[in-house]
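Enquirer: As input, take upload-v4.txt (compact mmCIF, C-alpha atoms):
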```txt
# COMPACT_ATOMS: atom_id res chain seq x y z
CA LEU S 1 222.22 154.20 154.90
CA ASP S 2 221.41 150.55 154.09
CA GLY S 3 218.02 149.59 155.51
CA GLY S 4 217.30 153.05 156.87
CA GLU S 5 213.84 154.57 157.19
CA GLY S 6 212.58 157.72 155.51
CA ALA S 7 214.43 159.97 153.12
CA ARG S 8 218.17 159.64 152.72
CA ALA S 9 220.37 162.27 154.30
CA THR S 10 221.41 165.10 152.02
CA SER S 11 225.05 164.36 152.86
CA THR S 12 226.75 161.26 154.24
CA ALA S 13 229.76 163.31 155.39
CA GLY S 14 231.98 160.41 154.40
CA LEU S 15 230.13 157.85 156.53
CA GLY S 16 229.84 154.56 154.66
CA GLN S 17 227.80 151.47 155.40
CA LEU S 18 228.94 149.43 158.39
CA VAL S 19 229.13 145.84 157.18
CA VAL S 20 229.88 143.68 160.24
CA SER S 21 229.33 145.84 163.33
CA ALA S 22 225.90 144.38 164.09
CA ALA S 23 227.14 140.83 163.46
CA THR S 24 230.09 141.46 165.77
CA ALA S 25 227.78 142.71 168.52
CA ALA S 26 225.43 139.76 168.03
CA ASP S 27 228.37 137.36 168.38
CA LEU S 28 229.39 139.02 171.64
CA PHE S 29 225.80 138.74 172.85
CA ALA S 30 225.82 135.05 171.91
CA TRP S 31 228.95 134.56 174.02
CA LEU S 32 227.41 136.43 176.95
CA LYS S 33 224.17 134.51 176.76
CA GLY S 34 226.00 131.21 176.48
CA GLU S 35 228.10 132.02 179.55
CA GLY S 36 225.26 133.57 181.55
CA ALA S 37 227.89 135.47 183.51
CA PHE S 38 230.52 138.15 183.26
CA ALA S 39 233.48 138.69 185.58
CA GLY S 40 232.41 135.61 187.52
CA ALA S 41 228.90 136.83 188.39
CA PRO S 42 225.51 136.06 186.80
CA VAL S 43 223.95 138.53 184.43
CA ALA S 44 221.31 140.70 186.09
CA SER S 45 220.14 142.72 183.07
CA CYS S 46 221.02 143.17 179.43
CA ARG S 47 220.15 145.86 176.91
CA LEU S 48 220.66 144.68 173.35
CA LEU S 49 220.50 147.35 170.66
CA LEU S 50 221.38 146.67 167.04
CA ALA S 51 220.97 148.11 163.56
CA PRO S 52 222.01 145.37 161.11
CA SER S 53 222.54 146.02 157.42
CA ARG S 54 220.40 144.02 155.00
CA ALA S 55 223.17 141.45 154.64
CA GLU S 56 223.38 140.97 158.42
CA VAL S 57 219.68 140.76 159.29
CA GLU S 58 219.25 136.99 158.92
CA GLU S 59 222.25 136.09 161.02
CA VAL S 60 221.66 138.77 163.65
CA ASN S 61 218.04 137.66 164.04
CA ALA S 62 219.16 134.06 164.39
CA ALA S 63 221.62 135.04 167.11
CA THR S 64 219.19 137.25 169.01
CA SER S 65 215.72 135.95 168.06
CA GLY S 66 215.08 139.51 166.96
CA TRP S 67 215.18 140.82 170.54
CA TYR S 68 216.80 144.16 169.86
CA ALA S 69 215.42 147.64 169.41
CA LYS S 70 215.66 150.53 166.99
CA PRO S 71 218.84 152.47 167.74
CA ASP S 72 218.12 156.15 167.18
CA PHE S 73 219.40 158.85 169.52
CA ALA S 74 216.20 159.01 171.57
CA GLY S 75 216.32 155.29 172.21
CA LEU S 76 220.04 155.36 172.90
CA SER S 77 219.56 158.10 175.46
CA ALA S 78 216.68 156.24 177.11
CA ALA S 79 218.70 153.02 177.31
CA LEU S 80 221.70 154.76 178.84
CA ARG S 81 219.57 156.53 181.44
CA ALA S 82 217.78 153.32 182.37
CA TRP S 83 221.18 151.63 182.63
CA ALA S 84 222.50 154.37 184.91
CA ASP S 85 219.39 154.30 187.09
CA GLU S 86 219.65 150.55 187.56
CA ILE S 87 223.32 150.76 188.49
CA TYR S 88 222.61 153.56 190.97
CA MET S 89 219.75 151.67 192.63
CA ALA S 90 221.83 148.51 192.87
CA GLY S 91 224.66 150.51 194.41
CA ALA S 92 222.44 151.44 197.35
CA ALA S 93 221.86 147.80 198.34
CA PRO S 94 224.30 145.76 200.42
CA SER S 95 226.12 143.06 198.51
CA ALA S 96 228.67 140.39 199.28
CA ALA S 97 230.15 140.51 195.80
CA ASP S 98 231.29 142.99 193.21
CA ARG S 99 228.87 144.89 191.00
CA VAL S 100 230.17 145.17 187.45
CA ALA S 101 228.92 147.05 184.37
CA LEU S 102 229.85 146.16 180.80
CA PHE S 103 229.51 148.52 177.83
CA PHE S 104 230.23 147.47 174.23
CA PHE S 105 229.86 149.70 171.19
CA SER S 106 230.62 148.89 167.56
CA GLY S 107 229.91 151.55 164.98
CA HIS S 108 230.74 155.02 163.74
CA GLY S 109 232.74 157.43 165.85
CA LEU S 110 234.86 160.55 165.69
CA GLU S 111 237.04 162.57 168.03
CA HIS S 112 237.65 166.29 168.38
CA LEU S 113 239.72 167.91 171.12
CA VAL S 114 240.30 164.59 172.91
CA ALA S 115 236.53 164.04 173.17
CA PRO S 116 235.46 160.77 171.49
CA ALA S 117 231.86 160.72 170.26
CA LEU S 118 229.75 157.66 169.48
CA LEU S 119 227.31 158.32 166.65
CA ALA S 120 223.66 157.33 166.82
CA GLN S 121 221.73 155.92 163.87
CA ASP S 122 220.11 159.24 163.03
CA VAL S 123 223.18 161.48 163.32
CA LEU S 124 222.77 162.45 159.65
CA LYS S 125 219.08 163.24 159.97
CA PRO S 126 218.60 166.50 157.99
CA THR S 127 217.07 168.46 160.85
CA ALA S 128 218.32 171.21 163.15
CA THR S 129 219.06 168.69 165.91
CA GLY S 130 220.31 165.81 163.76
CA PRO S 131 224.04 166.59 164.17
CA THR S 132 223.66 166.44 167.96
CA ASN S 133 222.61 162.79 167.83
CA ALA S 134 225.88 161.48 169.28
CA ILE S 135 227.09 160.41 172.72
CA ASP S 136 230.08 161.93 174.48
CA PHE S 137 232.17 159.00 175.69
CA ASN S 138 234.12 160.88 178.35
CA SER S 139 230.98 162.02 180.19
CA LEU S 140 229.60 158.49 179.90
CA TRP S 141 232.39 156.69 181.73
CA SER S 142 232.95 159.50 184.22
CA THR S 143 229.28 159.49 185.23
CA VAL S 144 229.13 155.71 185.55
CA ARG S 145 232.16 155.98 187.82
CA GLY S 146 230.06 157.74 190.47
CA LEU S 147 227.05 155.41 190.45
CA GLY S 148 228.17 153.03 193.17
CA LEU S 149 229.56 149.97 191.44
CA ASP S 150 232.82 148.08 191.90
CA ALA S 151 234.00 147.92 188.30
CA ALA S 152 233.00 149.17 184.86
CA LEU S 153 234.56 147.90 181.63
CA PHE S 154 234.08 149.70 178.31
CA PHE S 155 234.91 148.37 174.83
CA VAL S 156 234.60 150.95 172.04
CA ASP S 157 234.95 149.62 168.50
CA ALA S 158 234.85 152.87 166.54
CA CYS S 159 236.97 155.34 164.61
CA ARG S 160 238.52 158.33 166.36
CA ASP S 161 239.47 160.37 163.32
CA GLN S 162 238.98 164.12 163.29
CA SER S 163 236.47 164.19 160.46
CA GLN S 164 236.24 167.71 159.11
CA ALA S 165 233.10 166.86 157.12
CA LEU S 166 231.27 165.79 160.29
CA TYR S 167 232.69 168.69 162.26
CA LYS S 168 231.39 171.18 159.70
CA LEU S 169 227.96 169.59 160.00
CA GLY S 170 228.10 170.33 163.72
CA VAL S 171 228.36 166.74 164.93
CA ARG S 172 229.31 166.76 168.60
CA GLY S 173 228.93 164.23 171.39
CA GLN S 174 226.24 165.02 173.96
CA ALA S 175 226.44 164.36 177.70
CA VAL S 176 223.40 162.10 178.00
CA LEU S 177 224.27 161.09 181.58
CA VAL S 178 224.95 163.57 184.35
CA PRO S 179 226.57 162.81 187.72
CA PRO S 180 224.11 161.91 190.49
CA PRO S 181 223.39 164.50 193.20
CA GLU S 182 225.20 162.34 195.75
CA PRO S 183 228.01 160.44 194.02
CA ARG S 184 228.84 157.10 195.56
CA PRO S 185 232.35 155.92 196.54
CA PRO S 186 234.60 155.40 193.50
CA PRO S 187 234.92 151.92 192.02
CA LYS S 188 237.97 149.69 192.11
CA THR S 189 238.17 149.75 188.32
CA VAL S 190 236.97 151.88 185.44
CA ALA S 191 238.87 150.71 182.37
CA TRP S 192 238.41 150.80 178.63
CA LEU S 193 239.83 149.53 175.39
CA GLN S 194 239.31 151.65 172.28
CA ALA S 195 239.78 150.13 168.86
CA SER S 196 241.95 152.95 167.58
CA GLU S 197 244.17 155.80 168.67
CA THR S 198 243.26 159.48 168.56
CA GLY S 199 242.99 160.65 164.96
CA ARG S 200 242.99 157.11 163.53
CA PHE S 201 240.51 154.65 162.03
CA ALA S 202 239.02 151.37 163.21
CA TYR S 203 238.74 149.02 160.25
CA GLN S 204 236.30 146.39 159.09
CA THR S 205 235.76 144.53 155.85
CA SER S 206 232.96 142.39 154.48
CA ALA S 207 235.48 139.58 153.91
CA ASN S 208 235.84 139.14 157.67
CA PRO S 209 232.94 137.86 159.79
CA ARG S 210 233.60 140.42 162.53
CA THR S 211 235.42 143.71 162.94
CA PHE S 212 239.10 143.23 163.69
CA PHE S 213 238.64 144.60 167.20
CA GLY S 214 235.58 142.44 167.81
CA GLU S 215 237.30 139.33 166.46
CA ALA S 216 240.24 139.79 168.81
CA LEU S 217 237.93 140.38 171.78
CA ILE S 218 235.83 137.27 171.18
CA GLN S 219 238.95 135.21 170.56
CA ALA S 220 240.23 136.24 173.99
CA LEU S 221 236.93 135.52 175.72
CA ASN S 222 236.88 132.06 174.14
CA ASP S 223 240.56 131.51 175.08
CA GLN S 224 241.59 130.98 171.48
CA PRO S 225 245.36 131.00 171.89
CA ASP S 226 247.83 133.05 169.96
CA GLU S 227 251.44 133.10 171.11
CA ALA S 228 250.27 133.72 174.68
CA PRO S 229 247.01 132.22 176.05
CA PRO S 230 244.74 135.04 177.26
CA TYR S 231 243.57 133.23 180.42
CA ASP S 232 245.74 132.68 183.49
CA ARG S 233 245.80 128.88 183.78
CA SER S 234 247.73 128.65 187.04
CA SER S 235 244.60 127.79 189.05
CA ALA S 236 241.03 126.68 188.54
CA PRO S 237 238.94 128.22 187.21
CA TRP S 238 241.09 129.95 184.63
CA ARG S 239 240.95 133.74 184.88
CA LEU S 240 240.98 136.39 182.17
CA LEU S 241 242.29 139.61 183.70
CA PHE S 242 242.00 143.02 182.06
CA GLY S 243 245.76 143.46 181.72
CA SER S 244 246.09 140.15 179.89
CA LEU S 245 243.13 141.01 177.67
CA GLU S 246 244.74 144.37 176.89
CA ARG S 247 248.00 142.72 175.82
CA HIS S 248 246.09 140.23 173.67
CA MET S 249 244.09 142.97 171.95
CA LYS S 250 247.11 145.17 171.29
CA ARG S 251 248.91 142.21 169.77
CA GLN S 252 246.09 140.57 167.84
CA VAL S 253 244.22 143.50 166.24
CA PRO S 254 247.23 144.67 164.18
CA GLN S 255 247.98 141.06 163.21
CA LEU S 256 244.42 140.38 162.08
CA LEU S 257 244.33 143.58 160.04
CA ALA S 258 247.74 142.84 158.48
CA ARG S 259 246.27 139.72 156.88
CA ALA S 260 243.76 141.84 154.97
CA SER S 261 245.34 145.24 154.48
CA ALA S 262 248.49 147.33 154.65
CA GLN S 263 246.67 149.74 156.98
CA THR S 264 247.53 149.97 160.67
CA GLN S 265 245.24 149.97 163.69
CA ASN S 266 246.46 150.15 167.28
CA VAL S 267 244.25 149.52 170.29
CA GLU S 268 244.44 152.12 173.04
CA SER S 269 243.68 151.47 176.72
CA GLY S 270 242.83 153.75 179.60
CA GLY S 271 241.04 153.99 182.89
CA TYR S 272 240.35 155.94 186.06
CA PRO S 273 241.26 154.07 188.11
CA TYR S 274 242.92 151.64 185.75
CA ASN S 275 243.37 148.18 187.27
CA PRO S 276 245.11 145.48 185.20
CA ASP S 277 244.02 142.84 187.72
CA ALA S 278 240.30 143.45 187.17
CA LEU S 279 238.51 140.19 186.40
CA VAL S 280 236.90 139.93 182.97
CA ALA S 281 235.90 136.27 182.68
CA LEU S 282 236.27 132.83 184.25
CA ARG S 283 236.64 129.56 182.37
CA PRO S 284 236.79 125.94 183.57
CA PRO S 285 240.11 124.25 182.72
CA ALA S 286 238.42 121.57 180.61
CA ALA S 287 236.62 124.06 178.38
CA ALA S 288 237.81 123.71 174.82
CA ALA S 289 238.07 126.85 172.73
CA PRO S 290 235.79 126.85 169.67
CA PRO S 291 237.60 127.04 166.34
CA ALA S 292 238.49 130.47 165.10
CA ARG S 293 236.24 131.81 162.38
CA PRO S 294 238.29 132.07 159.17
CA ALA S 295 238.23 135.24 157.13
CA ALA S 296 237.40 135.11 153.47
CA ALA S 297 240.09 136.31 151.11
CA GLY S 298 240.02 139.07 148.61
CA ALA S 299 238.19 142.07 150.09
CA PRO S 300 240.32 145.01 151.16
CA ALA S 301 239.91 146.45 154.64
CA ALA S 302 238.41 149.90 154.92
CA PRO S 303 237.92 152.26 157.84
CA SER S 304 234.40 152.00 159.25
CA PRO S 305 233.27 155.51 158.26
CA LYS S 306 234.78 155.49 154.79
CA ALA S 307 233.73 152.15 153.23
CA PRO S 308 231.68 152.80 150.04
CA ILE S 309 228.41 150.88 149.94
CA GLU S 310 228.91 149.65 146.38
CA ALA S 311 232.21 147.98 147.22
CA VAL S 312 230.94 145.90 150.09
CA VAL S 313 227.34 144.78 149.65
CA GLU S 314 227.80 141.87 147.21
CA THR S 315 230.82 140.47 149.05
CA THR S 316 228.93 140.75 152.33
CA ARG S 317 226.01 138.80 150.96
CA ALA S 318 228.29 136.02 149.72
CA VAL S 319 230.07 135.76 153.04
CA ARG S 320 226.82 135.83 155.00
CA LYS S 321 225.42 132.90 153.00
CA SER S 322 228.44 130.77 153.82
CA ARG S 323 228.69 131.60 157.52
CA PRO S 324 227.35 129.12 160.08
CA ARG S 325 224.33 130.20 162.05
CA ILE S 326 224.48 130.84 165.76
CA SER S 327 221.85 128.53 167.19
CA ALA S 328 221.80 126.01 170.01
CA ALA S 329 223.64 128.07 172.63
CA LEU S 330 220.90 130.69 172.50
CA ALA S 331 218.11 128.35 173.57
CA ALA S 332 219.09 128.19 177.23
CA GLY S 333 218.12 131.76 178.14
CA LEU S 334 219.60 134.03 180.78
CA PRO S 335 218.39 134.13 184.38
CA SER S 336 215.65 136.65 184.94
CA ILE S 337 215.79 139.52 187.41
CA ALA S 338 213.31 137.63 189.60
CA ASP S 339 215.53 134.54 189.59
CA LEU S 340 218.53 136.59 190.63
CA ALA S 341 216.62 138.49 193.29
CA ALA S 342 215.49 135.23 194.89
CA ALA S 343 219.10 134.11 195.13
CA ALA S 344 220.52 137.46 196.22
CA ALA S 345 220.61 136.66 199.94
CA SER S 346 223.05 133.81 199.42
CA SER S 347 224.58 134.74 196.11
CA VAL S 348 225.45 137.98 194.35
CA ALA S 349 223.81 141.25 193.47
CA PHE S 350 225.33 141.81 190.05
CA ASP S 351 224.38 144.45 187.52
CA LEU S 352 225.46 143.99 183.93
CA PRO S 353 223.98 146.41 181.44
CA ILE S 354 225.35 145.89 177.94
CA LEU S 355 224.92 148.22 174.98
CA LEU S 356 225.61 146.45 171.70
CA ASP S 357 226.28 148.16 168.37
CA GLN S 358 226.60 151.87 167.77
CA ARG S 359 222.92 152.75 167.59
CA SER S 360 220.69 152.08 170.53
CA ALA S 361 217.19 152.05 172.04
CA ALA S 362 215.33 150.84 175.12
CA ALA S 363 215.10 147.12 174.40
CA LEU S 364 213.06 146.24 177.46
CA ASN S 365 209.89 147.84 176.09
CA ARG S 366 210.30 145.94 172.88
CA PHE S 367 210.73 142.68 174.77
CA ARG S 368 207.50 143.36 176.64
CA ARG S 369 205.62 144.20 173.46
CA ARG S 370 206.69 140.88 172.00
CA GLY S 371 205.72 138.96 175.11
CA VAL S 372 209.16 137.42 175.55
CA ASP S 373 209.44 134.70 178.22
CA ARG S 374 210.66 136.05 181.57
CA LYS S 375 213.71 133.79 181.39
CA SER S 376 214.94 135.66 178.36
CA VAL S 377 217.22 138.67 178.41
CA VAL S 378 215.79 141.64 180.32
```
Please render this file's structure as structure tokens.
Expert:
Amino acid sequence: LDGGEGARATSTAGLGQLVVSAATAADLFAWLKGEGAFAGAPVASCRLLLAPSRAEVEEVNAATSGWYAKPDFAGLSAALRAWADEIYMAGAAPSAADRVALFFFSGHGLEHLVAPALLAQDVLKPTATGPTNAIDFNSLWSTVRGLGLDAALFFVDACRDQSQALYKLGVRGQAVLVPPPEPRPPPKTVAWLQASETGRFAYQTSANPRTFFGEALIQALNDQPDEAPPYDRSSAPWRLLFGSLERHMKRQVPQLLARASAQTQNVESGGYPYNPDALVALRPPAAAAPPARPAAAGAPAAPSPKAPIEAVVETTRAVRKSRPRISAALAAGLPSIADLAAAAASSVAFDLPILLDQRSAAALNRFRRRGVDRKSVV
């Protein structure tokens, strides 16, 4: 689609241009980098993988300094396998604190026979193997469950409709990860939030700076209050627990969408084992929530895979020009693996892989090619 390489696909199978998925993922990355921690532990590693539309490139590059990789299926598979290997190796080492993995995906998806699939950038590639360029979500979380961590949290911002056009093309999710030969003890928590219910759409519009799911998630992380503050403020530091985040998301996503469209979108949660008391984030009591990012008026919401390119590009460009740039918070850098290893004896062995946007690749090699400072994301 927009900004793609090579010849266009012979059929789009109803998949339209994503207009704010990459920007949403970049905003989540900016939050993560600004915090330098997740679930109360420092970040050990991060895999950032984005495919911005033309209208998103400037802002995404400002938020990430361009440190993201091409997100085709080969790269996505390589990133997931490297992620799994790192979790498994970390699980073999003694640790005084929890090991947590975070997975975030914003992009195209479908679901057949209760099997959600996350579509790679080249899923429409007109080759014999093109339709297999998709990731099976169920095998992903179930494999991660056996890798020896304490908690894994998944956030999937994608449609789950039963697209007959994609099904006829042969699009199916592939089990990129397989269980290890010697599965480790099960974690305390494996939980997920999906942006839509089975058979339904996840919406986005160029008039909003983020997807509705992504906006609600970042609001919660920043403790932007609605009728019920997301963080538990009964003690310091304030704590965002998964159950509270779930309630916030199920309340806020429909409300945000209702301001732009008569469509409905309901967040669905799950887990095995599901633990509502799993820690998501910590926040000092004095931390002030940044102002909410207002949505522009006038553009109708559309489901991610059905938005026509012609209807969204000009509005997207106008909104992008008016949006503030993400800047100063990104200068600090995240601790490197070496920094964390040096502190491991007295601190925490924490593994946080993060997969941003729907189309992925092995970002580490790209970082090395660019000669990024060791204090940057690895």
Enquirer: I want to know what sits within 6 Å of segment 116-118 of chain S, based on only C-alpha atoms, with residues of the same chain fewer than 6 positions away left out; could you give that as a PDB file with C-alpha atoms, in the frame of the given file?
Expert:
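Writing the result to selection.pdb gives the following:
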```
ATOM      1  CA  GLY S 109     232.740 157.430 165.850  1.00  0.00           C
ATOM      2  CA  LEU S 110     234.860 160.550 165.690  1.00  0.00           C
ATOM      3  CA  ALA S 134     225.880 161.480 169.280  1.00  0.00           C
ATOM      4  CA  ILE S 135     227.090 160.410 172.720  1.00  0.00           C
ATOM      5  CA  ASP S 136     230.080 161.930 174.480  1.00  0.00           C
ATOM      6  CA  PHE S 137     232.170 159.000 175.690  1.00  0.00           C
ATOM      7  CA  GLY S 173     228.930 164.230 171.390  1.00  0.00           C
TER       8      GLY S 173
END
```
Enquirer: Just checking: using only C-alpha atoms, which residue out of S:Leu245, S:Leu15, S:Ala62, S:Met89 ends up closest to Pro180 of chain S?
Expert: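 Ranking S:Leu245, S:Leu15, S:Ala62, S:Met89 by distance to Pro180 of chain S, first place goes to S:Met89.
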Enquirer: Find the residues of segment 180-292 of chain S that sit at most 10 Å from segment 39-52 of chain S; for each, write down the nearest two atoms and how far apart they are in Å, to one decimal. Count only C-alpha atoms. Sort by chain, then by number going up, and give it as CSV.
Expert:
```
residue,atom,partner,partner_atom,distance
S:Pro237,CA,S:Gly40,CA,9.9
S:Arg239,CA,S:Ala39,CA,9.0
S:Leu240,CA,S:Ala39,CA,8.6
S:Leu241,CA,S:Ala39,CA,9.1
S:Ala278,CA,S:Ala39,CA,8.5
S:Leu279,CA,S:Ala39,CA,5.3
S:Val280,CA,S:Ala39,CA,4.5
S:Ala281,CA,S:Ala39,CA,4.5
S:Leu282,CA,S:Gly40,CA,5.8
S:Arg283,CA,S:Gly40,CA,9.0
```
Enquirer: Can you work out the spacing between atom CA of Arg200 of chain S and atom CA of His108 of chain S in Å, to one decimal?
Expert: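 Taking atom CA of Arg200 of chain S and atom CA of His108 of chain S, their separation equals 12.4 Å.
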Enquirer: In Å to one decimal, how far is atom CA of Leu28 of chain S from atom CA of Ser65 of chain S?
Expert: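 Computing it gives 14.5 Å between the two atoms.
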Enquirer: Which residue is closest to Thr10 of chain S? Choose from S:Ala207, S:Leu80, S:Leu124, S:Val144 and count all atoms listed in the file.
Expert: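 For Thr10 of chain S, the nearest of the given residues is S:Leu124.
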Enquirer: Measuring atom to atom with only C-alpha atoms, identify which of S:Thr189, S:Asn275, S:Gln162, S:Gln17 is nearest to Ala101 of chain S.
Expert: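 Of S:Thr189, S:Asn275, S:Gln162, S:Gln17, the one nearest Ala101 of chain S, counting only C-alpha atoms, is S:Thr189.
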Enquirer: Between atom CA of Asp122 of chain S and atom CA of Phe73 of chain S, what is the spacing in Å?
Expert: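 Result for atom CA of Phe73 of chain S versus atom CA of Asp122 of chain S: 6.5 Å, one decimal.
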Enquirer: Neighbourhood query: residues within 9 Å of (227.5, 155.3, 196.8), file coordinates, counting only C-alpha atoms; return as a PyMOL selection string.
Expert: chain S and resi 88+91-92+146-149+182-186
Enquirer: Since we have the selection now, will you write its residues out, keeping C-alpha atoms, as a tab-separated table (two decimals), in the frame of the given file?
Expert:
```tsv
chain	number	residue	atom	x	y	z
S	88	TYR	CA	222.61	153.56	190.97
S	91	GLY	CA	224.66	150.51	194.41
S	92	ALA	CA	222.44	151.44	197.35
S	146	GLY	CA	230.06	157.74	190.47
S	147	LEU	CA	227.05	155.41	190.45
S	148	GLY	CA	228.17	153.03	193.17
S	149	LEU	CA	229.56	149.97	191.44
S	182	GLU	CA	225.20	162.34	195.75
S	183	PRO	CA	228.01	160.44	194.02
S	184	ARG	CA	228.84	157.10	195.56
S	185	PRO	CA	232.35	155.92	196.54
S	186	PRO	CA	234.60	155.40	193.50
```
Enquirer: Which residue is closest to Val178 of chain S? Choose from S:Gln255, S:Thr143, S:Thr264, S:Thr198 and count only C-alpha atoms.
Expert: S:Thr143
Enquirer: Could you tell me which of S:Tyr68, S:Phe242, S:Phe29, S:Tyr203 comes closest to Phe154 of chain S if we count all atoms listed in the file?
Expert: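 Counting all atoms listed in the file, the residue closest to Phe154 of chain S is S:Phe242.
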Enquirer: Of the candidates S:Cys159, S:Leu217, S:Leu193, S:Met249, which one gets nearest to Glu111 of chain S if we count all atoms listed in the file?
Expert: S:Cys159
Enquirer: What would the list of residues within 6 Å of (235.3, 147.5, 181.1) (file frame) look like as a list of chain:residue names, if all atoms listed in the file are what count?
Expert: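 Residues satisfying the cut-off, written out: S:Leu102, S:Ala152, S:Leu153, S:Phe154, S:Ala191, S:Trp192.
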Enquirer: As lines of an AutoDock Vina configuration file, please report the centre and edge lengths, rounded to one decimal in Å, of the axis-aligned box that holds all listed atoms of segment 23-39 of chain S with 3 Å of padding on each of the six sides.
Expert:
```
center_x = 228.8
center_y = 137.0
center_z = 174.5
size_x = 15.3
size_y = 17.5
size_z = 28.1
```
Enquirer: Starting from the sparse input, extend segment 28-43 of chain S to N, CA, C and O atoms and give the output as a PDB file, in the coordinates of the input.
Expert:
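The result, stored in out.pdb:
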```
ATOM      1  N   LEU S  28     229.055 138.788 170.243  1.00  0.00           N
ATOM      2  CA  LEU S  28     229.390 139.020 171.640  1.00  0.00           C
ATOM      3  C   LEU S  28     228.195 138.705 172.540  1.00  0.00           C
ATOM      4  O   LEU S  28     228.341 138.113 173.622  1.00  0.00           O
ATOM      5  N   PHE S  29     227.005 139.086 172.092  1.00  0.00           N
ATOM      6  CA  PHE S  29     225.800 138.740 172.850  1.00  0.00           C
ATOM      7  C   PHE S  29     225.651 137.228 172.967  1.00  0.00           C
ATOM      8  O   PHE S  29     225.278 136.710 174.034  1.00  0.00           O
ATOM      9  N   ALA S  30     225.924 136.505 171.864  1.00  0.00           N
ATOM     10  CA  ALA S  30     225.820 135.050 171.910  1.00  0.00           C
ATOM     11  C   ALA S  30     226.787 134.466 172.941  1.00  0.00           C
ATOM     12  O   ALA S  30     226.450 133.537 173.680  1.00  0.00           O
ATOM     13  N   TRP S  31     227.996 135.031 173.009  1.00  0.00           N
ATOM     14  CA  TRP S  31     228.950 134.560 174.020  1.00  0.00           C
ATOM     15  C   TRP S  31     228.415 134.844 175.413  1.00  0.00           C
ATOM     16  O   TRP S  31     228.446 133.985 176.302  1.00  0.00           O
ATOM     17  N   LEU S  32     227.922 136.049 175.639  1.00  0.00           N
ATOM     18  CA  LEU S  32     227.410 136.430 176.950  1.00  0.00           C
ATOM     19  C   LEU S  32     226.238 135.563 177.359  1.00  0.00           C
ATOM     20  O   LEU S  32     226.148 135.093 178.502  1.00  0.00           O
ATOM     21  N   LYS S  33     225.333 135.317 176.437  1.00  0.00           N
ATOM     22  CA  LYS S  33     224.170 134.510 176.760  1.00  0.00           C
ATOM     23  C   LYS S  33     224.573 133.064 177.021  1.00  0.00           C
ATOM     24  O   LYS S  33     224.045 132.414 177.927  1.00  0.00           O
ATOM     25  N   GLY S  34     225.529 132.569 176.244  1.00  0.00           N
ATOM     26  CA  GLY S  34     226.000 131.210 176.480  1.00  0.00           C
ATOM     27  C   GLY S  34     226.669 131.053 177.830  1.00  0.00           C
ATOM     28  O   GLY S  34     226.499 130.042 178.519  1.00  0.00           O
ATOM     29  N   GLU S  35     227.437 132.065 178.247  1.00  0.00           N
ATOM     30  CA  GLU S  35     228.100 132.020 179.550  1.00  0.00           C
ATOM     31  C   GLU S  35     227.121 132.277 180.692  1.00  0.00           C
ATOM     32  O   GLU S  35     227.247 131.689 181.762  1.00  0.00           O
ATOM     33  N   GLY S  36     226.186 133.195 180.487  1.00  0.00           N
ATOM     34  CA  GLY S  36     225.260 133.570 181.550  1.00  0.00           C
ATOM     35  C   GLY S  36     225.912 134.339 182.668  1.00  0.00           C
ATOM     36  O   GLY S  36     225.322 134.535 183.734  1.00  0.00           O
ATOM     37  N   ALA S  37     227.142 134.779 182.459  1.00  0.00           N
ATOM     38  CA  ALA S  37     227.890 135.470 183.510  1.00  0.00           C
ATOM     39  C   ALA S  37     228.964 136.328 182.885  1.00  0.00           C
ATOM     40  O   ALA S  37     229.374 136.105 181.742  1.00  0.00           O
ATOM     41  N   PHE S  38     229.398 137.307 183.663  1.00  0.00           N
ATOM     42  CA  PHE S  38     230.520 138.150 183.260  1.00  0.00           C
ATOM     43  C   PHE S  38     231.294 138.490 184.519  1.00  0.00           C
ATOM     44  O   PHE S  38     230.710 138.790 185.565  1.00  0.00           O
ATOM     45  N   ALA S  39     232.620 138.420 184.430  1.00  0.00           N
ATOM     46  CA  ALA S  39     233.480 138.690 185.580  1.00  0.00           C
ATOM     47  C   ALA S  39     233.129 137.801 186.762  1.00  0.00           C
ATOM     48  O   ALA S  39     233.225 138.207 187.913  1.00  0.00           O
ATOM     49  N   GLY S  40     232.671 136.586 186.472  1.00  0.00           N
ATOM     50  CA  GLY S  40     232.410 135.610 187.520  1.00  0.00           C
ATOM     51  C   GLY S  40     231.074 135.742 188.202  1.00  0.00           C
ATOM     52  O   GLY S  40     230.802 135.018 189.160  1.00  0.00           O
ATOM     53  N   ALA S  41     230.194 136.629 187.760  1.00  0.00           N
ATOM     54  CA  ALA S  41     228.900 136.830 188.390  1.00  0.00           C
ATOM     55  C   ALA S  41     227.785 136.698 187.353  1.00  0.00           C
ATOM     56  O   ALA S  41     227.986 137.021 186.177  1.00  0.00           O
ATOM     57  N   PRO S  42     226.609 136.235 187.763  1.00  0.00           N
ATOM     58  CA  PRO S  42     225.510 136.060 186.800  1.00  0.00           C
ATOM     59  C   PRO S  42     225.004 137.385 186.266  1.00  0.00           C
ATOM     60  O   PRO S  42     225.042 138.406 186.943  1.00  0.00           O
ATOM     61  N   VAL S  43     224.491 137.334 185.066  1.00  0.00           N
ATOM     62  CA  VAL S  43     223.950 138.530 184.430  1.00  0.00           C
ATOM     63  C   VAL S  43     222.645 138.934 185.107  1.00  0.00           C
ATOM     64  O   VAL S  43     221.752 138.112 185.301  1.00  0.00           O
TER      65      VAL S  43
END
```
